[in-house]
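J.: One structure follows; several queries about it will come next.
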Amino acid sequence: MATAVENLGKLERRLTISFPLSDVRTEVEKRLKKQAKTARAPGFRPGKVPLKMVAAQYGYQIESDVLNDKVGQAFSSAADEAQLRVAGMPKIEPKQDAPEGMLAFDATFEVYPEVTLPALADIEIETVKTDVTDAEIDKTIDILRKQRVHYHTKGEAGEHGDGGEPVAANGDRVTVDFVGVIDGVEFPGGKAEDYAFVLGEGRMLPEFEAATVGLKVGESKTFPLAFPEDYHGKDVAGKTAEFTITLKKLEWAHLPEVDAEFAKSLGIEDGSIEKMREDIKVNLEREVNARIKARNKEAVMDALVKHTEMDVPKVMIEQDSQRLAEQTRQDMAQRGMDVKSLPFPADLFATKAERRVRLGLILSQLVQENNLQATQEQVKAQIEDFSQSYEDPKEVLKYYYSDRRRLGEVEALVLEENVVNYVLGKAKVTTKDIAFDELMGSAAAQA
């Protein structure tokens with residue numbers, strides 16, 4: 001039996017549940033007898049241990065289990081009777097003033113909020129699009145060439161140059177000895193021999209690269225170098241050192257020609273340049289479409305969060321914060337980091353957790369109201385799309401369909417896509433062209 005539901009706040013509720021003490025005693029006795037059938041004790045055959053000895057050994061745990069079961073059953077029945085959608089686990093506390101022969105408990109908990117979806121036709125969403133042109137294909141080919149670069153000693157026959165004694169220039173690989181001093185004293189990390197790097201790639205500080213440019217093999221140069229205030233080496237950050245560098249080896253970059261052999265190295269069996277460019281375009285378009293889809297999905301999610309007012313259960317935020325903290329710990333551990341002594345307070349993840357919970361409630365309401373569940377055909381089509389970038393698509397299908405968890409992840413992706421498409425079909429949508437490099441991120445722009 002349960003008392004009326006008390007309203008403690010926007011989402012917090014409390015009800016009192018109670019049941020006869022005799023119900024607990026009857027169930028405890030029943031479980032003890034069942035335990036006695038298999039109980040073992042020195043001097044007794046299995047199943048012949050006296051009930052008092054069984055009670056002494058197992059009674060406390062059995063009574064605790066029965067009490068937990070009875071409380072859980074009573075709370076579940078009371079919540080169902082009151083038509084409450086309980087969020088998270090309730091906090092159960094015993095009441096001291098229970099009627100004679102009864103056990104009573106206060107259950108404090110939160111309920112799911114009422115989610116009132118916004119009028120989608122009034123929401124403005126900006127999506128993006130990008131075209132893959134010959135320029136992007138050419139840039140990708142240049143990146144592929146750089147990945148296959150090899151070096152020749154500068155000045156050798158066959159080098160592209162104007163003759164004369166060669167000097168270091170951007171794009172060259174240089175090998176140097178260097179030593180740095182601060183106030184006339186060498187410092188840790190300021191000295192190296194046969195150190196190789198490519199000029200123009202930004203591996204060294206700008207002053208260091210600038211001093212190297214123009215040197216000939218065998219030449220040395222002394223120059224000042226001011227370390228930035230935020231330099232990773234704390235002992236030298238913000239200080240000015242005097243470096244002396246000696247150029248020991250100078251090599252120029254030989255990029256492969258874009259020819260049949262180059263195409264074959266990329267898996268084009270007949271060496272066709274046209275086929276190679278087609279394959280590159282297909283791969284770029286697949287990546288571009290994936291990133292555009294992700295950007296547009298984020299725009300939809302941002303709009304839904306912005307325009308949907310609701311209270312979010314604290315217990316759900318706390319639970320998701322803990323999941324995010326544990327997930328972060330596991331990810332860092334898998335990367336080889338020692339996380340045993342690192343704190344992972346769940347509060348650090350509260351903002352992200354609240355957004356995730358809020359979005360989950362919104363999406364659930366959208367799916368329920370508009371029948372946007374993922375169909376088997378959609379899930380299969382999504383997996384088949386994944387498989388296109390693998391050598392053996394059948395193995396990809398087998399990988400997902402052999403594990404219910406993996407299949408569930410695909411279903412969640414399809415469901416989100418259904419929501420995105422539905423919202424975009426109802427909202428006021430504008431589309432903006434963005435540059436390929438902006439879409440692909442800073443790495444693509446720098447390459």
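In the structure tokens, each chain is lettered A, B, ... as it comes, each chain's residues begin at 1, and ligands are numbered from 1 in order of appearance.
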Tell me, which residues of segment 343-396 of chain A carry DSSP alpha helix (DSSP H), written as a VMD selection string?

T.: chain A and resid 350 to 370 376 to 387 393 to 396

J.: Limited to N, CA, C and O atoms, could you put the picked residues into a file as a compact mmCIF listing (two decimals), in the first residue's frame?

T.:
# COMPACT_ATOMS: atom_id res chain seq x y z
N ALA A 350 29.29 17.57 -16.04
CA ALA A 350 27.88 17.85 -15.81
C ALA A 350 27.24 18.61 -16.96
O ALA A 350 26.10 18.32 -17.36
N THR A 351 27.95 19.60 -17.51
CA THR A 351 27.38 20.41 -18.60
C THR A 351 27.11 19.55 -19.83
O THR A 351 26.03 19.61 -20.44
N LYS A 352 28.11 18.73 -20.18
CA LYS A 352 27.94 17.85 -21.34
C LYS A 352 26.84 16.82 -21.06
O LYS A 352 26.03 16.51 -21.95
N ALA A 353 26.81 16.30 -19.84
CA ALA A 353 25.81 15.30 -19.49
C ALA A 353 24.40 15.89 -19.56
O ALA A 353 23.47 15.24 -20.06
N GLU A 354 24.22 17.13 -19.09
CA GLU A 354 22.90 17.74 -19.13
C GLU A 354 22.41 17.89 -20.57
O GLU A 354 21.24 17.62 -20.88
N ARG A 355 23.31 18.30 -21.48
CA ARG A 355 22.92 18.44 -22.89
C ARG A 355 22.52 17.08 -23.47
O ARG A 355 21.54 16.96 -24.19
N ARG A 356 23.32 16.04 -23.14
CA ARG A 356 23.02 14.71 -23.65
C ARG A 356 21.66 14.21 -23.15
O ARG A 356 20.87 13.65 -23.91
N VAL A 357 21.40 14.41 -21.86
CA VAL A 357 20.13 13.97 -21.29
C VAL A 357 18.98 14.76 -21.91
O VAL A 357 17.94 14.20 -22.28
N ARG A 358 19.16 16.06 -22.01
CA ARG A 358 18.12 16.91 -22.58
C ARG A 358 17.79 16.48 -24.01
O ARG A 358 16.62 16.34 -24.40
N LEU A 359 18.84 16.28 -24.81
CA LEU A 359 18.65 15.84 -26.19
C LEU A 359 17.96 14.48 -26.25
O LEU A 359 17.09 14.24 -27.10
N GLY A 360 18.36 13.58 -25.36
CA GLY A 360 17.76 12.26 -25.34
C GLY A 360 16.26 12.32 -25.10
O GLY A 360 15.47 11.61 -25.75
N LEU A 361 15.84 13.19 -24.19
CA LEU A 361 14.42 13.34 -23.89
C LEU A 361 13.67 13.96 -25.08
O LEU A 361 12.55 13.54 -25.41
N ILE A 362 14.31 14.94 -25.73
CA ILE A 362 13.68 15.59 -26.88
C ILE A 362 13.52 14.60 -28.04
O ILE A 362 12.45 14.49 -28.65
N LEU A 363 14.61 13.87 -28.32
CA LEU A 363 14.57 12.93 -29.43
C LEU A 363 13.55 11.82 -29.17
O LEU A 363 12.83 11.40 -30.08
N SER A 364 13.49 11.35 -27.94
CA SER A 364 12.52 10.31 -27.60
C SER A 364 11.10 10.78 -27.86
O SER A 364 10.27 10.04 -28.40
N GLN A 365 10.82 12.04 -27.49
CA GLN A 365 9.48 12.58 -27.70
C GLN A 365 9.18 12.74 -29.19
O GLN A 365 8.08 12.42 -29.66
N LEU A 366 10.17 13.23 -29.95
CA LEU A 366 10.00 13.39 -31.40
C LEU A 366 9.73 12.05 -32.08
O LEU A 366 8.84 11.93 -32.93
N VAL A 367 10.51 11.06 -31.71
CA VAL A 367 10.36 9.73 -32.30
C VAL A 367 8.99 9.15 -31.98
O VAL A 367 8.30 8.59 -32.84
N GLN A 368 8.58 9.30 -30.73
CA GLN A 368 7.32 8.73 -30.29
C GLN A 368 6.14 9.41 -30.98
O GLN A 368 5.20 8.75 -31.45
N GLU A 369 6.19 10.73 -31.08
CA GLU A 369 5.05 11.47 -31.64
C GLU A 369 4.95 11.30 -33.16
O GLU A 369 3.85 11.44 -33.72
N ASN A 370 6.09 11.04 -33.83
CA ASN A 370 6.09 11.05 -35.29
C ASN A 370 6.52 9.74 -35.91
O ASN A 370 6.79 9.69 -37.12
N GLN A 376 14.32 -2.00 -40.11
CA GLN A 376 15.36 -2.98 -40.45
C GLN A 376 16.00 -2.65 -41.78
O GLN A 376 17.21 -2.83 -41.96
N GLU A 377 15.20 -2.18 -42.74
CA GLU A 377 15.74 -1.84 -44.06
C GLU A 377 16.73 -0.68 -43.96
O GLU A 377 17.78 -0.69 -44.61
N GLN A 378 16.42 0.31 -43.13
CA GLN A 378 17.32 1.44 -42.96
C GLN A 378 18.62 1.02 -42.30
O GLN A 378 19.71 1.47 -42.69
N VAL A 379 18.52 0.17 -41.29
CA VAL A 379 19.72 -0.30 -40.59
C VAL A 379 20.62 -1.07 -41.55
O VAL A 379 21.84 -0.86 -41.60
N LYS A 380 20.02 -1.96 -42.34
CA LYS A 380 20.81 -2.74 -43.29
C LYS A 380 21.48 -1.82 -44.32
O LYS A 380 22.66 -2.00 -44.66
N ALA A 381 20.75 -0.82 -44.81
CA ALA A 381 21.30 0.11 -45.79
C ALA A 381 22.47 0.89 -45.20
O ALA A 381 23.48 1.15 -45.87
N GLN A 382 22.35 1.27 -43.91
CA GLN A 382 23.43 2.01 -43.26
C GLN A 382 24.68 1.15 -43.13
O GLN A 382 25.80 1.61 -43.38
N ILE A 383 24.52 -0.11 -42.74
CA ILE A 383 25.67 -1.01 -42.62
C ILE A 383 26.30 -1.25 -43.99
O ILE A 383 27.53 -1.29 -44.11
N GLU A 384 25.47 -1.42 -45.01
CA GLU A 384 26.00 -1.61 -46.36
C GLU A 384 26.78 -0.38 -46.81
O GLU A 384 27.80 -0.50 -47.50
N ASP A 385 26.34 0.79 -46.41
CA ASP A 385 27.08 2.02 -46.73
C ASP A 385 28.43 2.02 -46.02
O ASP A 385 29.46 2.40 -46.61
N PHE A 386 28.45 1.60 -44.74
CA PHE A 386 29.72 1.48 -44.03
C PHE A 386 30.67 0.55 -44.77
O PHE A 386 31.87 0.79 -44.84
N SER A 387 30.13 -0.54 -45.29
CA SER A 387 30.96 -1.61 -45.85
C SER A 387 31.64 -1.22 -47.15
O SER A 387 32.58 -1.89 -47.59
N PRO A 393 32.95 -6.41 -48.02
CA PRO A 393 31.71 -5.90 -47.42
C PRO A 393 30.93 -6.94 -46.63
O PRO A 393 30.29 -6.62 -45.62
N LYS A 394 30.98 -8.20 -47.05
CA LYS A 394 30.23 -9.24 -46.34
C LYS A 394 30.72 -9.39 -44.90
O LYS A 394 29.94 -9.67 -43.99
N GLU A 395 32.03 -9.24 -44.70
CA GLU A 395 32.57 -9.36 -43.35
C GLU A 395 32.08 -8.22 -42.46
O GLU A 395 31.89 -8.40 -41.26
N VAL A 396 31.87 -7.05 -43.06
CA VAL A 396 31.36 -5.91 -42.30
C VAL A 396 29.93 -6.18 -41.85
O VAL A 396 29.54 -5.93 -40.71

J.: Quick one: residues within 12 Å of Ala78 of chain A, only C-alpha atoms, excluding same-chain residues fewer than 5 positions away - as a ChimeraX atom specification?

T.: /A:1-5,14-19,71-73,83-86,106-107

J.: Dump N, CA and C atoms for the selected residues as a compact mmCIF listing (two decimals), in the first residue's frame?

T.:
# COMPACT_ATOMS: atom_id res chain seq x y z
N MET A 1 0.85 -1.19 0.00
CA MET A 1 0.00 0.00 0.00
C MET A 1 0.88 1.24 0.00
N ALA A 2 0.34 2.38 -0.48
CA ALA A 2 1.12 3.60 -0.58
C ALA A 2 0.24 4.80 -0.25
N THR A 3 0.84 5.84 0.28
CA THR A 3 0.13 7.07 0.55
C THR A 3 0.08 7.90 -0.72
N ALA A 4 -0.57 9.06 -0.64
CA ALA A 4 -0.64 9.96 -1.79
C ALA A 4 0.76 10.47 -2.11
N VAL A 5 0.96 10.80 -3.38
CA VAL A 5 2.25 11.31 -3.84
C VAL A 5 2.42 12.75 -3.38
N ARG A 14 7.65 12.32 -3.54
CA ARG A 14 7.86 11.39 -2.42
C ARG A 14 6.57 10.67 -2.15
N LEU A 15 6.70 9.37 -1.90
CA LEU A 15 5.54 8.61 -1.43
C LEU A 15 6.00 7.63 -0.37
N THR A 16 5.07 7.25 0.47
CA THR A 16 5.35 6.29 1.54
C THR A 16 4.78 4.94 1.15
N ILE A 17 5.62 3.93 1.23
CA ILE A 17 5.18 2.58 0.92
C ILE A 17 5.25 1.73 2.19
N SER A 18 4.34 0.80 2.31
CA SER A 18 4.33 -0.05 3.50
C SER A 18 3.78 -1.43 3.14
N PHE A 19 4.17 -2.40 3.94
CA PHE A 19 3.68 -3.78 3.76
C PHE A 19 3.84 -4.52 5.08
N VAL A 71 10.59 -4.04 -0.91
CA VAL A 71 10.55 -2.59 -1.08
C VAL A 71 10.47 -2.24 -2.56
N GLY A 72 11.29 -2.91 -3.36
CA GLY A 72 11.29 -2.65 -4.80
C GLY A 72 9.95 -2.95 -5.43
N GLN A 73 9.37 -4.09 -5.05
CA GLN A 73 8.06 -4.48 -5.60
C GLN A 73 6.98 -3.48 -5.17
N GLN A 83 0.63 6.16 -11.80
CA GLN A 83 0.99 6.51 -13.18
C GLN A 83 2.17 7.49 -13.22
N LEU A 84 3.21 7.13 -12.47
CA LEU A 84 4.42 7.96 -12.41
C LEU A 84 5.50 7.37 -13.32
N ARG A 85 6.16 8.23 -14.10
CA ARG A 85 7.31 7.82 -14.91
C ARG A 85 8.57 8.18 -14.12
N VAL A 86 9.10 7.20 -13.41
CA VAL A 86 10.20 7.44 -12.48
C VAL A 86 11.52 7.52 -13.24
N ASP A 106 9.89 5.78 3.20
CA ASP A 106 9.71 6.94 2.33
C ASP A 106 10.58 6.77 1.09
N ALA A 107 9.99 6.91 -0.06
CA ALA A 107 10.72 6.83 -1.33
C ALA A 107 10.74 8.22 -1.97

J.: Excluding Val176 of chain A and its own-chain neighbours fewer than 5 positions away, which residues fall within 8 Å of it when counting only C-alpha atoms? Please give them as an NGL selection string.

T.: :A and (193-196 or 245-249)

J.: Export N, CA and C atoms of the chosen residues as a short mmCIF file (atom, residue, chain, number, x, y, z; two decimals), in the first residue's frame?

T.:
data_model
loop_
_atom_site.label_atom_id
_atom_site.label_comp_id
_atom_site.auth_asym_id
_atom_site.auth_seq_id
_atom_site.Cartn_x
_atom_site.Cartn_y
_atom_site.Cartn_z
N GLU A 193 73.06 16.55 -32.15
CA GLU A 193 73.93 16.28 -33.29
C GLU A 193 73.15 15.47 -34.32
N ASP A 194 73.42 15.74 -35.59
CA ASP A 194 72.77 15.04 -36.71
C ASP A 194 71.25 15.07 -36.58
N TYR A 195 70.74 16.25 -36.28
CA TYR A 195 69.31 16.43 -36.13
C TYR A 195 68.70 16.82 -37.48
N ALA A 196 67.73 16.04 -37.96
CA ALA A 196 67.16 16.27 -39.30
C ALA A 196 65.73 16.80 -39.19
N ILE A 245 74.34 26.89 -35.04
CA ILE A 245 73.98 25.74 -35.85
C ILE A 245 75.02 25.54 -36.93
N THR A 246 75.23 24.27 -37.27
CA THR A 246 76.15 23.90 -38.36
C THR A 246 75.40 22.96 -39.29
N LEU A 247 75.34 23.33 -40.57
CA LEU A 247 74.65 22.51 -41.56
C LEU A 247 75.58 21.39 -42.01
N LYS A 248 75.15 20.14 -41.80
CA LYS A 248 76.00 18.99 -42.13
C LYS A 248 75.54 18.27 -43.39
N LYS A 249 74.23 18.34 -43.67
CA LYS A 249 73.72 17.62 -44.84
C LYS A 249 72.53 18.37 -45.39
#

J.: Can you pull out the residues contacting Glu274 of chain A? Cut-off 12 Å, using only C-alpha atoms, and skip same-chain residues under 5 positions away; I want them as a PyMOL selection string.

T.: chain A and resi 134+137+258-260+263+268+279-281

J.: I need the strand (DSSP E) residues of segment 190-284 of chain A per DSSP on the backbone, written as an MDAnalysis selection string.

T.: chainID A and resid 190:198 220:226 240:254

J.: Taking only C-alpha atoms into account, which of A:Leu225, A:Ala119, A:Val174, A:Glu165 comes nearest Gly190 of chain A?

T.: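 Looking only at the distances to Gly190 of chain A, the closest residue turns out to be A:Leu225.
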
J.: Within 10 Å of Leu67 of chain A, counting only C-alpha atoms, which residues qualify if same-chain residues fewer than 2 places away don't, as a ChimeraX atom specification?

T.: /A:21,23-25,27-28,61-65,69-73,103

J.: So the first atom is atom CA of Arg13 of chain A and the second is atom CA of Lys91 of chain A; what is the distance between them in Å, to one decimal place?

T.: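 Atom CA of Lys91 of chain A lies 10.6 Å from atom CA of Arg13 of chain A.
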
J.: Would you pick out the contacts of Val128 of chain A at 8 Å or less, using only C-alpha atoms, so that residues sharing its chain but fewer than 4 positions from it are not included, and give the list as a ChimeraX atom specification?

T.: /A:292,295-296,431-434

J.: May I have the residues from that selection written out with all heavy atoms, as a compact mmCIF listing (two decimals), in the first residue's frame?

T.:
# COMPACT_ATOMS: atom_id res chain seq x y z
N ILE A 292 29.51 16.81 -43.67
CA ILE A 292 28.36 17.70 -43.83
C ILE A 292 27.19 17.18 -43.01
O ILE A 292 26.48 17.93 -42.33
CB ILE A 292 27.98 17.81 -45.32
CG1 ILE A 292 28.99 18.72 -46.05
CG2 ILE A 292 26.57 18.37 -45.49
CD1 ILE A 292 28.76 18.83 -47.52
N ARG A 295 27.82 18.00 -39.40
CA ARG A 295 27.64 19.43 -39.13
C ARG A 295 26.15 19.79 -39.11
O ARG A 295 25.68 20.51 -38.22
CB ARG A 295 28.35 20.27 -40.20
CG ARG A 295 29.87 20.30 -40.12
CD ARG A 295 30.39 21.46 -39.31
NE ARG A 295 29.99 22.75 -39.82
CZ ARG A 295 30.83 23.65 -40.31
NH1 ARG A 295 32.12 23.38 -40.43
NH2 ARG A 295 30.40 24.85 -40.67
N ASN A 296 25.42 19.29 -40.08
CA ASN A 296 24.00 19.62 -40.16
C ASN A 296 23.21 18.98 -39.02
O ASN A 296 22.24 19.56 -38.51
CB ASN A 296 23.43 19.19 -41.51
CG ASN A 296 23.99 20.02 -42.66
OD1 ASN A 296 24.54 21.11 -42.44
ND2 ASN A 296 23.85 19.53 -43.87
N THR A 431 20.83 27.29 -46.59
CA THR A 431 22.05 26.52 -46.85
C THR A 431 23.19 27.46 -47.23
O THR A 431 23.01 28.34 -48.08
CB THR A 431 21.83 25.49 -47.97
OG1 THR A 431 20.76 24.63 -47.59
CG2 THR A 431 23.08 24.65 -48.20
N LYS A 432 24.33 27.27 -46.60
CA LYS A 432 25.50 28.11 -46.86
C LYS A 432 26.62 27.27 -47.46
O LYS A 432 26.91 26.17 -46.97
CB LYS A 432 25.98 28.74 -45.54
CG LYS A 432 27.22 29.62 -45.70
CD LYS A 432 27.64 30.22 -44.37
CE LYS A 432 28.29 29.18 -43.47
NZ LYS A 432 28.89 29.78 -42.25
N ASP A 433 27.24 27.78 -48.50
CA ASP A 433 28.42 27.13 -49.07
C ASP A 433 29.62 27.43 -48.19
O ASP A 433 29.85 28.60 -47.82
CB ASP A 433 28.69 27.64 -50.49
CG ASP A 433 27.72 27.07 -51.51
OD1 ASP A 433 27.66 25.84 -51.64
OD2 ASP A 433 27.00 27.86 -52.16
N ILE A 434 30.39 26.41 -47.85
CA ILE A 434 31.63 26.63 -47.10
C ILE A 434 32.78 26.00 -47.86
O ILE A 434 32.60 25.08 -48.66
CB ILE A 434 31.55 26.06 -45.67
CG1 ILE A 434 31.37 24.54 -45.69
CG2 ILE A 434 30.44 26.72 -44.88
CD1 ILE A 434 31.50 23.92 -44.31

J.: What does the distance between atom CA of Leu415 of chain A and atom CA of Gln373 of chain A come to in Å, to one decimal place?

T.: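 Taking atom CA of Leu415 of chain A and atom CA of Gln373 of chain A, their separation equals 5.7 Å.
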
J.: For segment 29-36 of chain A, list every protein, DNA or RNA residue within 7 Å, evaluated using only C-alpha atoms, and leave out those in the same chain fewer than 4 positions away; present the list as number ranges by chain.

T.: A: 25, 47, 49, 51, 54-55

J.: Let's have the selection written as a tab-separated table (two decimals), in the first residue's frame, with all heavy atoms.

T.:
chain	number	residue	atom	x	y	z
A	25	ARG	N	8.71	-12.05	6.90
A	25	ARG	CA	9.08	-13.25	7.67
A	25	ARG	C	8.72	-14.52	6.92
A	25	ARG	O	9.48	-15.49	6.91
A	25	ARG	CB	8.39	-13.22	9.03
A	25	ARG	CG	8.93	-12.14	9.96
A	25	ARG	CD	8.11	-12.02	11.22
A	25	ARG	NE	8.70	-11.05	12.15
A	25	ARG	CZ	8.08	-10.56	13.20
A	25	ARG	NH1	6.82	-10.95	13.48
A	25	ARG	NH2	8.67	-9.69	14.00
A	47	GLY	N	22.25	-30.99	2.80
A	47	GLY	CA	20.80	-30.94	2.90
A	47	GLY	C	20.27	-31.36	4.26
A	47	GLY	O	19.05	-31.31	4.48
A	49	VAL	N	21.64	-30.05	7.23
A	49	VAL	CA	22.07	-29.07	8.23
A	49	VAL	C	20.83	-28.51	8.93
A	49	VAL	O	19.85	-28.15	8.26
A	49	VAL	CB	22.86	-27.92	7.56
A	49	VAL	CG1	23.31	-26.91	8.61
A	49	VAL	CG2	24.04	-28.48	6.77
A	51	LEU	N	18.01	-26.18	10.51
A	51	LEU	CA	17.54	-24.89	10.01
A	51	LEU	C	18.11	-23.73	10.83
A	51	LEU	O	18.39	-22.65	10.27
A	51	LEU	CB	16.01	-24.85	10.04
A	51	LEU	CG	15.35	-23.69	9.28
A	51	LEU	CD1	15.75	-23.71	7.81
A	51	LEU	CD2	13.84	-23.74	9.43
A	54	VAL	N	21.48	-22.99	9.47
A	54	VAL	CA	21.33	-22.33	8.16
A	54	VAL	C	20.97	-20.87	8.37
A	54	VAL	O	21.51	-19.98	7.71
A	54	VAL	CB	20.27	-23.04	7.30
A	54	VAL	CG1	20.03	-22.28	6.01
A	54	VAL	CG2	20.69	-24.47	7.02
A	55	ALA	N	20.04	-20.61	9.32
A	55	ALA	CA	19.63	-19.24	9.60
A	55	ALA	C	20.78	-18.41	10.13
A	55	ALA	O	20.94	-17.23	9.79
A	55	ALA	CB	18.46	-19.23	10.58

J.: If I take atom CA of Val132 of chain A and atom CA of Val420 of chain A, how far is one from the other in Å, to one decimal?

T.: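 Atom-to-atom, atom CA of Val132 of chain A and atom CA of Val420 of chain A are spaced 23.6 Å apart.
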
J.: So, counting only C-alpha atoms, which residue among A:Asp235, A:Glu261, A:Glu416, A:Glu201 is closest to Lys146 of chain A?

T.: A:Glu201

J.: A:Glu326, A:Gly88, A:Lys10, A:Leu284: which is nearest Ala135 of chain A, counting only C-alpha atoms?

T.: A:Leu284
